[in-house]
$ cat entry-v4.txt   # compact mmCIF, C-alpha atoms
# COMPACT_ATOMS: atom_id res chain seq x y z
CA MET G 1 -146.16 -135.16 -0.10
CA ASN G 2 -145.47 -136.48 -3.59
CA GLN G 3 -147.18 -139.85 -4.05
CA LEU G 4 -143.98 -141.28 -5.51
CA VAL G 5 -142.18 -140.58 -2.22
CA VAL G 6 -145.01 -142.08 -0.15
CA THR G 7 -145.00 -145.24 -2.24
CA TYR G 8 -141.22 -145.51 -2.04
CA ILE G 9 -141.24 -145.21 1.78
CA ILE G 10 -143.94 -147.85 2.19
CA GLU G 11 -142.31 -150.31 -0.22
CA ASN G 12 -138.83 -149.88 1.31
CA LYS G 13 -139.85 -149.51 4.94
CA ASP G 14 -137.66 -152.33 6.32
CA GLU G 15 -134.54 -151.13 4.54
CA ILE G 16 -135.15 -147.53 5.59
CA LEU G 17 -135.63 -148.67 9.20
CA VAL G 18 -132.28 -150.48 9.25
CA LYS G 19 -130.50 -147.43 7.81
CA TRP G 20 -132.19 -145.12 10.31
CA MET G 21 -131.29 -147.32 13.30
CA ASN G 22 -127.67 -147.54 12.15
CA LEU G 23 -127.44 -143.76 11.89
CA ALA G 24 -129.05 -143.40 15.33
CA ARG G 25 -126.40 -145.65 16.90
CA GLU G 26 -123.69 -143.41 15.48
CA ASP G 27 -125.04 -140.50 17.47
CA LEU G 28 -122.60 -140.50 20.37
CA ASP G 29 -124.71 -138.00 22.32
CA PHE G 30 -127.57 -140.46 22.58
CA GLN G 31 -126.42 -142.39 25.64
CA SER G 32 -129.79 -144.03 26.29
CA ILE G 33 -129.42 -146.45 23.38
CA ASN G 34 -127.05 -148.55 25.48
CA LEU G 35 -129.50 -148.64 28.39
CA TYR G 36 -132.29 -150.47 26.58
CA SER G 37 -132.60 -153.77 24.82
CA GLU G 38 -132.30 -154.12 21.08
CA GLN G 39 -135.95 -155.12 20.97
CA VAL G 40 -137.15 -151.97 22.74
CA PHE G 41 -135.02 -149.76 20.52
CA LYS G 42 -136.25 -151.50 17.37
CA GLU G 43 -139.92 -151.32 18.41
CA THR G 44 -139.70 -147.60 19.21
CA SER G 45 -137.76 -146.87 16.02
CA THR G 46 -140.40 -148.76 14.02
CA GLU G 47 -143.14 -146.73 15.67
CA PHE G 48 -141.24 -143.54 14.80
CA LEU G 49 -141.12 -144.58 11.14
CA ASP G 50 -144.81 -145.61 11.19
CA LEU G 51 -145.62 -142.20 12.64
CA ILE G 52 -144.00 -140.46 9.68
CA ILE G 53 -145.84 -142.69 7.21
CA ALA G 54 -149.11 -142.17 9.10
CA LYS G 55 -149.01 -138.46 8.30
CA GLU G 56 -150.07 -139.32 4.74
CA LYS G 57 -152.15 -142.44 5.37
CA GLU G 58 -154.15 -141.52 8.49
CA THR G 59 -156.81 -138.93 9.15
CA THR G 60 -155.78 -135.90 11.19
CA GLU G 61 -157.32 -137.45 14.29
CA GLY G 62 -155.70 -140.81 13.64
CA PHE G 63 -152.30 -139.21 13.21
CA LYS G 64 -152.75 -137.26 16.45
CA VAL G 65 -153.45 -140.50 18.33
CA LYS G 66 -150.31 -142.14 16.91
CA LEU G 67 -148.27 -139.03 17.67
CA ASN G 68 -149.36 -138.94 21.31
CA SER G 69 -148.71 -142.67 21.68
CA PHE G 70 -145.21 -142.32 20.28
CA THR G 71 -144.26 -139.31 22.42
CA GLU G 72 -145.40 -141.06 25.61
CA LYS G 73 -143.33 -144.15 24.81
CA ALA G 74 -140.27 -142.14 23.72
CA ILE G 75 -140.34 -140.08 26.93
CA GLN G 76 -140.72 -143.20 29.07
CA ILE G 77 -137.60 -144.80 27.60
CA GLY G 78 -135.66 -141.54 27.77
CA TRP G 79 -135.40 -140.31 24.17
CA PRO G 80 -134.37 -136.63 24.41
CA LEU G 81 -136.00 -134.03 22.19
CA SER G 82 -132.73 -133.44 20.34
CA PHE G 83 -132.64 -137.11 19.33
CA VAL G 84 -136.18 -136.99 17.98
CA SER G 85 -135.41 -133.80 16.05
CA ASP G 86 -132.18 -135.21 14.63
CA GLY G 87 -134.00 -138.44 13.85
CA LEU G 88 -136.42 -136.65 11.54
CA THR G 89 -133.52 -134.92 9.78
CA LYS G 90 -131.75 -138.25 9.32
CA PHE G 91 -134.96 -139.75 7.95
CA ASN G 92 -135.19 -137.02 5.32
CA ILE G 93 -131.57 -137.57 4.27
CA ILE G 94 -132.06 -141.34 4.03
CA ILE G 95 -135.16 -140.99 1.84
CA ILE G 96 -133.61 -138.52 -0.61
CA ASP G 97 -130.27 -140.36 -0.84
CA SER G 98 -131.98 -143.74 -1.28
CA MET G 99 -134.35 -142.47 -3.95
CA ILE G 100 -131.49 -140.87 -5.88
CA HIS G 101 -129.43 -144.06 -5.57
CA ASP G 102 -132.33 -146.20 -6.81
CA GLY G 103 -133.11 -143.83 -9.65
CA ALA G 104 -136.52 -142.86 -8.28
CA ILE G 105 -135.43 -139.22 -8.39
CA SER G 106 -134.15 -138.02 -11.74
CA GLU G 107 -133.32 -134.70 -13.30
CA ASN G 108 -136.86 -134.52 -14.69
CA ASN G 109 -138.70 -134.81 -11.38
CA GLN G 110 -136.01 -133.74 -8.89
CA THR G 111 -137.17 -130.16 -8.37
CA GLU G 112 -140.83 -131.09 -7.91
CA ILE G 113 -140.13 -133.98 -5.51
CA LEU G 114 -137.63 -132.08 -3.36
CA TYR G 115 -139.95 -129.07 -3.15
CA ASN G 116 -142.97 -131.15 -2.14
CA PHE G 117 -140.92 -133.24 0.27
CA HIS G 118 -139.53 -130.15 2.02
CA LYS G 119 -142.99 -128.58 2.09
CA TRP G 120 -144.26 -131.71 3.85
CA SER G 121 -141.33 -132.46 6.18
CA SER G 122 -140.93 -128.97 7.66
CA PRO G 123 -144.42 -128.65 9.23
CA MET G 124 -144.35 -132.39 10.00
CA GLY G 125 -141.19 -131.91 12.05
CA THR G 126 -142.63 -128.87 13.79
CA GLU G 127 -145.75 -130.80 14.77
CA ILE G 128 -143.79 -133.74 16.14
CA ILE G 129 -141.41 -131.51 18.12
CA ASN G 130 -144.24 -129.36 19.54
CA THR G 131 -146.22 -132.39 20.70
CA TYR G 132 -143.10 -134.02 22.12
CA THR G 133 -142.15 -130.83 23.96
CA GLN G 134 -145.64 -130.46 25.46
CA SER G 135 -145.67 -134.09 26.61
CA TRP G 136 -142.19 -133.76 28.09
CA GLU G 137 -143.05 -130.55 29.92
CA GLN G 138 -146.21 -132.15 31.29
CA THR G 139 -144.21 -135.15 32.51
CA VAL G 140 -141.61 -132.91 34.17
CA LEU G 141 -144.35 -130.83 35.81
CA LEU G 142 -146.05 -133.91 37.26
CA GLN G 143 -142.72 -135.21 38.56
CA LYS G 144 -141.97 -131.82 40.11
CA ILE G 145 -145.35 -131.78 41.86
CA ALA G 146 -144.80 -135.32 43.15
CA LEU G 147 -141.35 -134.39 44.48
CA GLN G 148 -142.69 -131.27 46.15
CA GLU G 149 -145.31 -133.33 47.94
CA LEU G 150 -142.59 -135.60 49.32
CA SER G 151 -139.85 -133.01 49.76
CA ALA G 152 -140.69 -131.69 53.22
CA PRO G 153 -142.74 -134.12 55.32
CA LEU G 154 -143.35 -133.38 59.01
CA ILE G 155 -143.31 -136.68 60.89
CA PRO G 156 -144.69 -137.10 64.44
CA VAL G 157 -142.33 -139.37 66.43
CA LEU G 158 -143.64 -138.91 69.96
CA GLU G 159 -146.47 -136.95 71.50
CA GLY G 160 -145.56 -133.30 71.09
CA ILE G 161 -142.38 -134.05 69.11
CA THR G 162 -142.16 -133.96 65.32
CA VAL G 163 -139.28 -134.29 62.86
CA MET G 164 -138.80 -132.74 59.43
CA PRO G 165 -135.95 -134.51 57.57
CA LEU G 166 -134.59 -132.46 54.66
CA VAL G 167 -132.74 -134.08 51.77
CA GLY G 168 -131.19 -132.39 48.72
CA THR G 169 -130.74 -128.81 47.63
CA ILE G 170 -133.01 -126.12 49.07
CA ASP G 171 -134.05 -123.36 46.69
CA THR G 172 -136.53 -120.53 47.20
CA GLU G 173 -139.54 -122.53 45.99
CA ARG G 174 -138.70 -125.50 48.18
CA ALA G 175 -138.06 -123.22 51.15
CA ARG G 176 -141.58 -121.86 50.73
CA GLN G 177 -142.94 -125.43 50.70
CA ILE G 178 -140.91 -126.30 53.81
CA MET G 179 -142.26 -123.30 55.68
CA GLU G 180 -145.84 -124.07 54.71
CA ASN G 181 -145.62 -127.77 55.65
CA LEU G 182 -143.80 -126.91 58.87
CA LEU G 183 -146.36 -124.45 60.17
CA ASN G 184 -149.37 -126.53 59.12
CA GLY G 185 -147.80 -129.63 60.67
CA VAL G 186 -146.98 -127.94 63.97
CA VAL G 187 -150.60 -126.91 64.39
CA GLU G 188 -152.03 -130.20 63.14
CA HIS G 189 -149.84 -132.40 65.38
CA ARG G 190 -149.88 -129.95 68.32
CA SER G 191 -146.11 -130.05 68.37
CA GLU G 192 -144.17 -128.67 71.31
CA VAL G 193 -140.78 -129.36 69.74
CA VAL G 194 -139.90 -129.55 66.05
CA LEU G 195 -136.62 -131.06 64.88
CA ILE G 196 -135.36 -129.95 61.45
CA ASP G 197 -132.78 -132.50 60.32
CA ILE G 198 -130.42 -131.17 57.62
CA THR G 199 -128.14 -134.23 57.55
CA GLY G 200 -129.13 -134.83 53.92
CA VAL G 201 -128.64 -131.22 52.78
CA PRO G 202 -125.35 -131.11 50.83
CA LEU G 203 -124.79 -127.35 51.01
CA VAL G 204 -125.72 -124.71 53.55
CA ASP G 205 -125.08 -121.20 52.24
CA THR G 206 -126.37 -117.80 53.30
CA MET G 207 -129.73 -118.30 51.57
CA VAL G 208 -130.32 -121.76 53.07
CA ALA G 209 -129.32 -120.58 56.54
CA HIS G 210 -131.64 -117.58 56.19
CA HIS G 211 -134.56 -119.86 55.30
CA ILE G 212 -133.78 -122.14 58.26
CA ILE G 213 -133.67 -119.18 60.66
CA GLN G 214 -137.00 -117.97 59.26
CA ALA G 215 -138.48 -121.44 59.76
CA ALA G 216 -137.25 -121.59 63.36
CA GLU G 217 -138.66 -118.14 64.09
CA ALA G 218 -142.01 -119.08 62.54
CA VAL G 219 -142.15 -122.23 64.69
CA ARG G 220 -141.47 -120.14 67.80
CA LEU G 221 -144.25 -117.72 66.89
CA VAL G 222 -146.81 -120.55 66.82
CA GLY G 223 -145.71 -121.72 70.28
CA ALA G 224 -143.20 -124.49 69.59
CA THR G 225 -139.44 -124.87 69.95
CA CYS G 226 -137.20 -125.61 66.98
CA ILE G 227 -134.09 -127.79 67.14
CA LEU G 228 -131.72 -127.85 64.16
CA CYS G 229 -130.07 -131.25 63.78
CA GLY G 230 -127.38 -132.62 61.49
CA ILE G 231 -124.82 -129.84 61.90
CA ARG G 232 -121.78 -131.56 60.38
CA PRO G 233 -118.29 -130.07 60.94
CA GLU G 234 -118.08 -128.66 57.41
CA ILE G 235 -121.51 -127.05 57.78
CA ALA G 236 -120.55 -125.57 61.16
CA GLN G 237 -117.42 -124.10 59.58
CA THR G 238 -119.42 -122.66 56.68
CA ILE G 239 -121.93 -121.06 59.06
CA VAL G 240 -119.11 -119.48 61.09
CA ASN G 241 -117.30 -118.22 57.98
CA LEU G 242 -120.51 -116.69 56.66
CA GLY G 243 -121.10 -114.92 59.97
CA ILE G 244 -124.58 -116.43 60.31
CA ASN G 245 -126.14 -116.05 63.76
CA LEU G 246 -127.88 -119.17 65.04
CA ASN G 247 -127.86 -118.12 68.70
CA GLU G 248 -131.65 -118.21 68.86
CA VAL G 249 -131.78 -121.78 67.52
CA ILE G 250 -130.92 -124.95 69.43
CA THR G 251 -128.45 -126.95 67.36
CA LYS G 252 -127.33 -130.58 67.60
CA ASN G 253 -124.91 -132.54 65.46
CA THR G 254 -127.15 -135.61 65.12
CA LEU G 255 -130.85 -136.38 65.08
CA LYS G 256 -130.33 -138.72 68.04
CA ARG G 257 -129.00 -135.89 70.20
CA GLY G 258 -131.80 -133.68 68.93
CA ILE G 259 -134.44 -136.17 70.08
CA GLU G 260 -132.73 -136.46 73.47
CA GLU G 261 -132.93 -132.67 73.82
CA ALA G 262 -136.58 -132.70 72.71
CA LEU G 263 -137.36 -135.22 75.46
CA VAL G 264 -135.74 -132.94 78.04
CA LEU G 265 -137.76 -129.97 76.78
CA THR G 266 -140.97 -131.99 77.13
CA ASN G 267 -140.02 -133.20 80.64
CA ARG G 268 -139.23 -136.74 79.58
CA LYS G 269 -136.09 -138.83 79.46
CA ILE G 270 -134.86 -142.22 78.31
CA GLU G 271 -133.97 -144.73 81.02
CA ASN G 272 -132.37 -148.14 80.77
CA ILE G 273 -134.43 -150.88 82.38
CA ASP G 274 -132.74 -153.99 83.70
CA ALA G 275 -134.35 -156.99 82.00
CA GLU G 276 -134.17 -158.97 85.27
CA GLY G 277 -136.33 -156.39 86.96
CA ILE G 278 -139.20 -156.77 84.49
CA VAL G 279 -142.09 -158.87 85.79

$ encode --input "entry-v4.txt" --output "structure tokens"
Amino acid sequence: MNQLVVTYIIENKDEILVKWMNLAREDLDFQSINLYSEQVFKETSTEFLDLIIAKEKETTEGFKVKLNSFTEKAIQIGWPLSFVSDGLTKFNIIIIDSMIHDGAISENNQTEILYNFHKWSSPMGTEIINTYTQSWEQTVLLQKIALQELSAPLIPVLEGITVMPLVGTIDTERARQIMENLLNGVVEHRSEVVLIDITGVPLVDTMVAHHIIQAAEAVRLVGATCILCGIRPEIAQTIVNLGINLNEVITKNTLKRGIEEALVLTNRKIENIDAEGIV
């Protein structure tokens, strides 16, 4: 980048920062600004400006370190990629407009400065966006893995009885995870009865019902009985309207009733004991 531009940015850093922050607040699509303190927003904005300056002042390795540090912080506070991209565009506009206003860019040097500035800013923006995208994708991937690990736990509640509570939408990938955890858990816990609780599943369509039937059949093949719990009235109506056959699956409207049925299937029952009769 033209040394004149570098010097101007460094000497007018505070003023440029204020202008950039004011423009950022005008971006109505950036809802996260209102979720964080003024101090956090200012610190991250300052780091963004320092990152741009560092491209000319730091070594390639030093700039890479600053870039990674910034992307991690920006992702943590929720800056979307579009905001970072627009932020770089706003920065370019601020620099050119300010330099023209202050007379740093004249007719004599305008062509050279604008050419060099564009030649610098274009690959600079690409590098920032690529690194930000990679960091964001990595963060999303790690979160997805963490959610998958927690998405379909098989919980032993009594000897021979286990429960798998399902919460949220079930897609093909999650259905595969449910099936895998279910079968491994049945063998590991030596389950005689498995209760699949769909109370927390907002929608049961043909695909979801198909996966549930497959899971119940797989449980039966490994020697256990499956009870489907949490059949709410609207889900029962949907299943009937879709013509889905659950005749081979024991169904209960609540987990409580499902556990009572599981006790019967394992030759146990719950009895009330009179406190006066306890020694």

$ atom_distance --input "entry-v4.txt" --atom1 "atom CA of G:Leu228" --atom2 "atom CA of G:Pro165"
10.3 Å

$ residues_around --input "entry-v4.txt" --residues "stretch 58-72 of chain G" --least-positions-apart "6" --cutoff "12 Å" --atoms "all atoms listed in the file" --output "PyMOL selection string"
chain G and resi 43-52+78-81+84+124-125+127-139

$ closest_atom_pairs --input "entry-v4.txt" --of "stretch 132-189 of chain G" --to "stretch 245-257 of chain G" --cutoff "12 Å" --atoms "all atoms listed in the file" --output "JSON lines"
{"residue": "G:Val157", "atom": "CA", "partner": "G:Leu255", "partner_atom": "CA", "distance": 11.9}
{"residue": "G:Thr162", "atom": "CA", "partner": "G:Leu255", "partner_atom": "CA", "distance": 11.6}
{"residue": "G:Val163", "atom": "CA", "partner": "G:Leu255", "partner_atom": "CA", "distance": 9.0}
{"residue": "G:Met164", "atom": "CA", "partner": "G:Leu255", "partner_atom": "CA", "distance": 10.4}
{"residue": "G:Pro165", "atom": "CA", "partner": "G:Leu255", "partner_atom": "CA", "distance": 9.3}
{"residue": "G:Leu166", "atom": "CA", "partner": "G:Leu255", "partner_atom": "CA", "distance": 11.7}

$ atom_distance --input "entry-v4.txt" --atom1 "atom CA of G:Gly87" --atom2 "atom CA of G:Asn22"
11.2 Å

$ atom_distance --input "entry-v4.txt" --atom1 "atom CA of G:Ser122" --atom2 "atom CA of G:Ser85"
11.1 Å

$ closest_residue --input "entry-v4.txt" --among "G:Thr225, G:Gln3, G:Thr169, G:Gln110" --to "G:Thr199" --atoms "all atoms listed in the file"
G:Thr169

$ residues_around --input "entry-v4.txt" --residues "G:Val167" --least-positions-apart "3" --cutoff "7 Å" --atoms "only C-alpha atoms" --output "list in words"
Ile198, Gly200 and Val201 of chain G

$ residues_around --input "entry-v4.txt" --residues "G:Glu15" --least-positions-apart "4" --cutoff "12 Å" --atoms "all atoms listed in the file" --output "PyMOL selection string"
chain G and resi 8-11+19-22+46+49+91+94-95+98

$ axis_aligned_box --input "entry-v4.txt" --around "stretch 98-104 of chain G" --padding-each-side "5 Å" --output "lines of an AutoDock Vina configuration file"
center_x = -133.0
center_y = -143.5
center_z = -5.5
size_x = 17.1
size_y = 15.3
size_z = 18.4

$ closest_residue --input "entry-v4.txt" --among "G:Leu183, G:Leu142, G:Thr126, G:Ile53" --to "G:Val6" --atoms "all atoms listed in the file"
G:Ile53

$ residues_around --input "entry-v4.txt" --residues "stretch 217-221 of chain G" --least-positions-apart "3" --cutoff "9 Å" --atoms "all atoms listed in the file" --output "PyMOL selection string"
chain G and resi 179+182-183+186+193-194+212-214+224-226+248-249

$ build_atoms --input "entry-v4.txt" --residues "stretch 204-225 of chain G" --atoms "N, CA, C and O atoms" --output "compact mmCIF listing (two decimals), keeping the file's coordinate frame"
# COMPACT_ATOMS: atom_id res chain seq x y z
N VAL G 204 -125.03 -125.74 52.78
CA VAL G 204 -125.72 -124.71 53.55
C VAL G 204 -125.00 -123.39 53.28
O VAL G 204 -123.87 -123.18 53.72
N ASP G 205 -125.65 -122.52 52.51
CA ASP G 205 -125.08 -121.20 52.24
C ASP G 205 -125.92 -120.14 52.95
O ASP G 205 -126.78 -120.46 53.78
N THR G 206 -125.65 -118.90 52.63
CA THR G 206 -126.37 -117.80 53.30
C THR G 206 -127.88 -117.90 53.10
O THR G 206 -128.65 -117.70 54.04
N MET G 207 -128.30 -118.22 51.87
CA MET G 207 -129.73 -118.30 51.57
C MET G 207 -130.38 -119.43 52.36
O MET G 207 -131.46 -119.26 52.96
N VAL G 208 -129.75 -120.62 52.35
CA VAL G 208 -130.32 -121.76 53.07
C VAL G 208 -130.40 -121.46 54.56
O VAL G 208 -131.42 -121.74 55.21
N ALA G 209 -129.32 -120.91 55.11
CA ALA G 209 -129.32 -120.58 56.54
C ALA G 209 -130.41 -119.56 56.87
O ALA G 209 -131.08 -119.66 57.91
N HIS G 210 -130.60 -118.59 55.99
CA HIS G 210 -131.64 -117.58 56.19
C HIS G 210 -133.02 -118.23 56.24
O HIS G 210 -133.84 -117.90 57.10
N HIS G 211 -133.26 -119.17 55.31
CA HIS G 211 -134.56 -119.86 55.30
C HIS G 211 -134.75 -120.69 56.58
O HIS G 211 -135.86 -120.74 57.12
N ILE G 212 -133.68 -121.32 57.05
CA ILE G 212 -133.78 -122.14 58.26
C ILE G 212 -134.08 -121.25 59.47
O ILE G 212 -134.91 -121.60 60.32
N ILE G 213 -133.41 -120.10 59.56
CA ILE G 213 -133.67 -119.18 60.66
C ILE G 213 -135.11 -118.68 60.62
O ILE G 213 -135.79 -118.58 61.65
N GLN G 214 -135.60 -118.39 59.42
CA GLN G 214 -137.00 -117.97 59.26
C GLN G 214 -137.95 -119.06 59.73
O GLN G 214 -138.95 -118.79 60.41
N ALA G 215 -137.63 -120.32 59.36
CA ALA G 215 -138.48 -121.44 59.76
C ALA G 215 -138.51 -121.59 61.27
O ALA G 215 -139.57 -121.79 61.89
N ALA G 216 -137.34 -121.47 61.91
CA ALA G 216 -137.25 -121.59 63.36
C ALA G 216 -138.04 -120.48 64.05
O ALA G 216 -138.74 -120.71 65.05
N GLU G 217 -137.93 -119.27 63.51
CA GLU G 217 -138.66 -118.14 64.09
C GLU G 217 -140.17 -118.33 63.93
O GLU G 217 -140.95 -118.04 64.85
N ALA G 218 -140.58 -118.84 62.76
CA ALA G 218 -142.01 -119.08 62.54
C ALA G 218 -142.54 -120.13 63.50
O ALA G 218 -143.66 -120.01 64.02
N VAL G 219 -141.76 -121.18 63.74
CA VAL G 219 -142.15 -122.23 64.69
C VAL G 219 -142.32 -121.64 66.09
O VAL G 219 -143.27 -121.95 66.82
N ARG G 220 -141.38 -120.77 66.48
CA ARG G 220 -141.47 -120.14 67.80
C ARG G 220 -142.72 -119.29 67.94
O ARG G 220 -143.37 -119.26 69.00
N LEU G 221 -143.09 -118.59 66.84
CA LEU G 221 -144.25 -117.72 66.89
C LEU G 221 -145.56 -118.49 67.07
O LEU G 221 -146.55 -117.93 67.55
N VAL G 222 -145.59 -119.75 66.63
CA VAL G 222 -146.81 -120.55 66.82
C VAL G 222 -146.73 -121.40 68.09
O VAL G 222 -147.53 -122.30 68.30
N GLY G 223 -145.74 -121.12 68.95
CA GLY G 223 -145.71 -121.72 70.28
C GLY G 223 -144.90 -122.99 70.42
O GLY G 223 -145.06 -123.70 71.42
N ALA G 224 -144.02 -123.28 69.49
CA ALA G 224 -143.20 -124.49 69.59
C ALA G 224 -141.73 -124.11 69.58
O ALA G 224 -141.36 -122.98 69.25
N THR G 225 -140.90 -125.07 69.94
CA THR G 225 -139.44 -124.87 69.95
C THR G 225 -138.83 -125.62 68.78
O THR G 225 -139.22 -126.76 68.48
